[in-house]
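> Below is the file entry26.pdb, which contains PDB, C-alpha atoms and all ligand atoms.
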```pdb
MODEL        1
ATOM      1  CA  MET A 128     -32.344   5.675  -3.942  1.00  0.00           C
ATOM      2  CA  LEU A 129     -30.059   5.506  -0.961  1.00  0.00           C
ATOM      3  CA  GLN A 130     -26.701   6.794  -2.095  1.00  0.00           C
ATOM      4  CA  LEU A 131     -24.284   4.143  -0.965  1.00  0.00           C
ATOM      5  CA  PRO A 132     -20.901   5.712  -0.500  1.00  0.00           C
ATOM      6  CA  HIS A 133     -19.221   2.782  -2.157  1.00  0.00           C
ATOM      7  CA  GLN A 134     -21.635   1.982  -4.822  1.00  0.00           C
ATOM      8  CA  PRO A 135     -19.750   1.107  -7.975  1.00  0.00           C
ATOM      9  CA  ARG A 136     -19.895   3.942 -10.474  1.00  0.00           C
ATOM     10  CA  GLN A 137     -21.711   1.946 -13.124  1.00  0.00           C
ATOM     11  CA  VAL A 138     -24.726   1.669 -10.813  1.00  0.00           C
ATOM     12  CA  ALA A 139     -25.983   4.920 -12.267  1.00  0.00           C
ATOM     13  CA  ALA A 140     -26.433   3.118 -15.576  1.00  0.00           C
ATOM     14  CA  VAL A 141     -28.649   0.356 -14.172  1.00  0.00           C
ATOM     15  CA  PRO A 142     -32.092   0.551 -12.594  1.00  0.00           C
ATOM     16  CA  PRO A 143     -31.794   1.913  -9.057  1.00  0.00           C
ATOM     17  CA  GLN A 144     -33.134  -1.234  -7.415  1.00  0.00           C
ATOM     18  CA  ARG A 145     -30.621  -3.444  -9.154  1.00  0.00           C
ATOM     19  CA  ALA A 146     -27.051  -3.672  -8.081  1.00  0.00           C
ATOM     20  CA  PRO A 147     -24.259  -4.908 -10.289  1.00  0.00           C
ATOM     21  CA  ALA A 148     -23.532  -8.556  -9.710  1.00  0.00           C
ATOM     22  CA  ARG A 149     -20.592  -9.660  -7.682  1.00  0.00           C
ATOM     23  CA  ASP A 150     -18.109 -11.077 -10.152  1.00  0.00           C
ATOM     24  CA  ASP A 151     -17.494 -14.353  -8.393  1.00  0.00           C
ATOM     25  CA  GLU A 152     -20.859 -15.224  -6.911  1.00  0.00           C
ATOM     26  CA  GLY A 153     -23.335 -13.472  -9.139  1.00  0.00           C
ATOM     27  CA  GLY A 154     -24.717 -11.517  -6.188  1.00  0.00           C
ATOM     28  CA  PRO A 155     -24.630  -7.852  -5.299  1.00  0.00           C
ATOM     29  CA  TRP A 156     -21.760  -7.567  -2.830  1.00  0.00           C
ATOM     30  CA  HIS A 157     -22.531  -4.054  -1.864  1.00  0.00           C
ATOM     31  CA  THR A 158     -25.959  -4.961  -0.478  1.00  0.00           C
ATOM     32  CA  GLU A 159     -23.992  -6.277   2.489  1.00  0.00           C
ATOM     33  CA  ALA A 160     -21.897  -3.147   2.798  1.00  0.00           C
ATOM     34  CA  VAL A 161     -21.743  -1.780   6.322  1.00  0.00           C
ATOM     35  CA  CYS A 162     -21.288   1.734   4.928  1.00  0.00           C
ATOM     36  CA  ARG A 163     -24.858   1.702   3.666  1.00  0.00           C
ATOM     37  CA  ARG A 164     -25.797   2.540   7.211  1.00  0.00           C
ATOM     38  CA  ASP A 165     -23.061   5.041   7.838  1.00  0.00           C
ATOM     39  CA  GLU A 166     -22.639   8.576   6.769  1.00  0.00           C
ATOM     40  CA  ALA A 167     -21.372   8.863   3.203  1.00  0.00           C
ATOM     41  CA  GLY A 168     -19.285  11.859   4.190  1.00  0.00           C
ATOM     42  CA  LEU A 169     -17.067   9.620   6.228  1.00  0.00           C
ATOM     43  CA  PHE A 170     -15.683   7.973   3.106  1.00  0.00           C
ATOM     44  CA  PHE A 171     -15.137  10.924   0.794  1.00  0.00           C
ATOM     45  CA  ALA A 172     -13.309  14.150   1.459  1.00  0.00           C
ATOM     46  CA  PRO A 173     -15.182  17.409   1.418  1.00  0.00           C
ATOM     47  CA  SER A 174     -13.428  20.141  -0.511  1.00  0.00           C
ATOM     48  CA  LYS A 175     -10.583  21.891   1.271  1.00  0.00           C
ATOM     49  CA  GLU A 176     -10.438  19.384   4.112  1.00  0.00           C
ATOM     50  CA  PRO A 177      -7.522  20.085   6.458  1.00  0.00           C
ATOM     51  CA  THR A 178      -4.981  17.277   6.703  1.00  0.00           C
ATOM     52  CA  ALA A 179      -5.672  16.450  10.355  1.00  0.00           C
ATOM     53  CA  ALA A 180      -9.395  16.236   9.676  1.00  0.00           C
ATOM     54  CA  ARG A 181      -8.791  14.046   6.632  1.00  0.00           C
ATOM     55  CA  LEU A 182      -6.590  11.638   8.575  1.00  0.00           C
ATOM     56  CA  SER A 183      -9.143  11.411  11.360  1.00  0.00           C
ATOM     57  CA  ARG A 184     -12.023  10.888   8.915  1.00  0.00           C
ATOM     58  CA  GLU A 185     -10.112   8.217   6.997  1.00  0.00           C
ATOM     59  CA  GLU A 186      -9.295   6.340  10.189  1.00  0.00           C
ATOM     60  CA  ALA A 187     -12.969   6.415  11.158  1.00  0.00           C
ATOM     61  CA  ALA A 188     -13.921   5.123   7.699  1.00  0.00           C
ATOM     62  CA  LYS A 189     -11.350   2.351   8.001  1.00  0.00           C
ATOM     63  CA  ARG A 190     -12.852   1.302  11.322  1.00  0.00           C
ATOM     64  CA  VAL A 191     -16.194   0.900   9.536  1.00  0.00           C
ATOM     65  CA  CYS A 192     -14.505  -1.121   6.784  1.00  0.00           C
ATOM     66  CA  ALA A 193     -12.819  -3.358   9.355  1.00  0.00           C
ATOM     67  CA  ARG A 194     -16.206  -4.707  10.424  1.00  0.00           C
ATOM     68  CA  CYS A 195     -17.601  -4.980   6.912  1.00  0.00           C
ATOM     69  CA  PRO A 196     -18.290  -8.491   5.592  1.00  0.00           C
ATOM     70  CA  VAL A 197     -17.529  -7.498   2.006  1.00  0.00           C
ATOM     71  CA  MET A 198     -14.258  -5.692   2.559  1.00  0.00           C
ATOM     72  CA  VAL A 199     -12.291  -7.932   0.184  1.00  0.00           C
ATOM     73  CA  GLU A 200     -14.820  -7.589  -2.640  1.00  0.00           C
ATOM     74  CA  CYS A 201     -15.039  -3.855  -2.107  1.00  0.00           C
ATOM     75  CA  ARG A 202     -11.264  -3.447  -2.127  1.00  0.00           C
ATOM     76  CA  GLU A 203     -10.863  -5.462  -5.304  1.00  0.00           C
ATOM     77  CA  HIS A 204     -13.628  -3.505  -6.976  1.00  0.00           C
ATOM     78  CA  ALA A 205     -11.907  -0.244  -6.084  1.00  0.00           C
ATOM     79  CA  LEU A 206      -8.572  -1.542  -7.323  1.00  0.00           C
ATOM     80  CA  LEU A 207      -9.959  -2.897 -10.576  1.00  0.00           C
ATOM     81  CA  GLN A 208     -11.988   0.175 -11.569  1.00  0.00           C
ATOM     82  CA  PRO A 209      -9.813   1.889 -10.324  1.00  0.00           C
ATOM     83  CA  GLU A 210     -11.744   4.179  -7.990  1.00  0.00           C
ATOM     84  CA  PRO A 211      -9.735   7.412  -7.706  1.00  0.00           C
ATOM     85  CA  TYR A 212     -11.358   8.863  -4.589  1.00  0.00           C
ATOM     86  CA  GLY A 213     -12.466   7.862  -1.140  1.00  0.00           C
ATOM     87  CA  VAL A 214     -11.882   5.023   1.260  1.00  0.00           C
ATOM     88  CA  TRP A 215     -12.843   1.667  -0.219  1.00  0.00           C
ATOM     89  CA  GLY A 216     -12.189  -1.706   1.331  1.00  0.00           C
ATOM     90  CA  GLY A 217     -10.229  -0.131   4.152  1.00  0.00           C
ATOM     91  CA  LEU A 218      -7.794   1.634   1.843  1.00  0.00           C
ATOM     92  CA  THR A 219      -7.475   5.289   0.999  1.00  0.00           C
ATOM     93  CA  ALA A 220      -6.948   6.383  -2.600  1.00  0.00           C
ATOM     94  CA  ALA A 221      -3.235   6.865  -1.919  1.00  0.00           C
ATOM     95  CA  GLU A 222      -2.949   3.405  -0.392  1.00  0.00           C
ATOM     96  CA  ARG A 223      -4.712   1.891  -3.389  1.00  0.00           C
ATOM     97  CA  ARG A 224      -2.260   3.615  -5.712  1.00  0.00           C
ATOM     98  CA  VAL A 225       0.579   1.957  -3.784  1.00  0.00           C
ATOM     99  CA  VAL A 226      -1.088  -1.462  -4.034  1.00  0.00           C
ATOM    100  CA  LEU A 227      -1.654  -0.994  -7.763  1.00  0.00           C
ATOM    101  CA  ALA A 228       1.937   0.124  -8.322  1.00  0.00           C
ATOM    102  CA  ARG A 229       3.172  -2.964  -6.455  1.00  0.00           C
ATOM    103  CA  ARG A 230       0.924  -5.204  -8.524  1.00  0.00           C
ATOM    104  CA  ARG A 231       2.157  -3.638 -11.757  1.00  0.00           C
ATOM    105  CA  ARG A 232       5.767  -4.019 -10.650  1.00  0.00           C
ATOM    106  CA  ARG A 233       5.178  -7.657  -9.739  1.00  0.00           C
ATOM    107  CA  GLU A 234       3.582  -8.299 -13.149  1.00  0.00           C
ATOM    108  CA  VAL A 235       6.553  -6.752 -14.930  1.00  0.00           C
ATOM    109  CA  GLU A 236       8.968  -8.840 -12.857  1.00  0.00           C
ATOM    110  CA  LEU A 237       7.013 -12.025 -13.557  1.00  0.00           C
ATOM    111  CA  LYS A 238       6.941 -11.298 -17.293  1.00  0.00           C
ATOM    112  CA  LYS A 239      10.656 -10.617 -17.297  1.00  0.00           C
ATOM    113  CA  ALA A 240      11.389 -13.798 -15.337  1.00  0.00           C
ATOM    114  CA  THR A 241       9.284 -15.806 -17.789  1.00  0.00           C
ATOM    115  CA  THR A 242      10.997 -14.207 -20.784  1.00  0.00           C
ATOM    116  CA  ASP A 243      14.416 -14.876 -19.240  1.00  0.00           C
ATOM    117  CA  ARG A 244      13.544 -18.536 -18.575  1.00  0.00           C
ATOM    118  CA  ILE A 245      12.326 -19.000 -22.134  1.00  0.00           C
ATOM    119  CA  ALA A 246      15.458 -17.346 -23.505  1.00  0.00           C
ATOM    120  CA  ALA A 247      17.704 -19.484 -21.276  1.00  0.00           C
ATOM    121  CA  ALA A 248      15.916 -22.673 -22.351  1.00  0.00           C
ATOM    122  CA  GLY A 249      15.911 -21.644 -25.992  1.00  0.00           C
TER     123      GLY A 249
HETATM  124  S1  LIG B   1     -15.334  -2.261   2.961  1.00  0.00           S
HETATM  125 FE1  LIG B   1     -15.745  -0.213   3.697  1.00  0.00          FE
HETATM  126  S2  LIG B   1     -16.088   0.990   1.898  1.00  0.00           S
HETATM  127 FE2  LIG B   1     -16.276  -1.130   1.305  1.00  0.00          FE
HETATM  128  S3  LIG B   1     -18.418  -1.626   1.421  1.00  0.00           S
HETATM  129 FE3  LIG B   1     -17.507  -2.166   3.357  1.00  0.00          FE
HETATM  130  S4  LIG B   1     -17.719  -0.387   4.666  1.00  0.00           S
HETATM  131 FE4  LIG B   1     -18.103   0.283   2.569  1.00  0.00          FE
ENDMDL
END
```
Could you spell out this file's structure in structure tokens?

Amino acid sequence: MLQLPHQPRQVAAVPPQRAPARDDEGGPWHTEAVCRRDEAGLFFAPSKEPTAARLSREEAAKRVCARCPVMVECREHALLQPEPYGVWGGLTAAERRVVLARRRRREVELKKATTDRIAAAG
């Protein structure tokens, strides 16, 4: 089986020809992934990669993502898993951690605002 760099991890648990269904459309989003045709090494760091090389590789991976028709689905997948390594949906692992932290903060603020409104109305 072609090892898609951004194949969801659970793929290993399903027959190789079958991809997990896209949540919203019931179709395999990653069959449309541009990175199927690109080198997997572009998306994941080799061990002991120097910083300059990593930055350059990540920028190259992001350029691939920028022309990918399933970038949004891929990004959400990586955020929801969450995928701890590699470039997914145009974001590095560090960038995804920032997005997730922002989302968590926003959730906490929304919960607090709701609680405060209920208390004020009570
Ligand atoms: S967005 Fe990037 S990482 Fe995701 S499937 Fe497309 S090319 Fe691969």
> Starting from the PyMOL selection byres (((not hetatm)) within 12 of (chain B and resi 1)), expand the selection into actual residues of this file and give them as a VMD selection string.
chain A and resid 130 to 135 155 to 171 185 to 206 210 212 to 220
> Enter the distance from CA of Pro211 (chain A) to CA of Leu237 (chain A), in Å, rounded to one decimal.
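The value is 26.3 Å.
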> Could you work out how far CA of Lys238 (chain A) lies from CA of Glu222 (chain A), giving the answer in Å with one decimal?
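Spanning CA of Glu222 (chain A) to CA of Lys238 (chain A) is a straight-line distance of 24.5 Å.
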> Record the distance separating CA of Arg223 (chain A) and CA of Thr242 (chain A), expressed in Å with one decimal.
28.4 Å
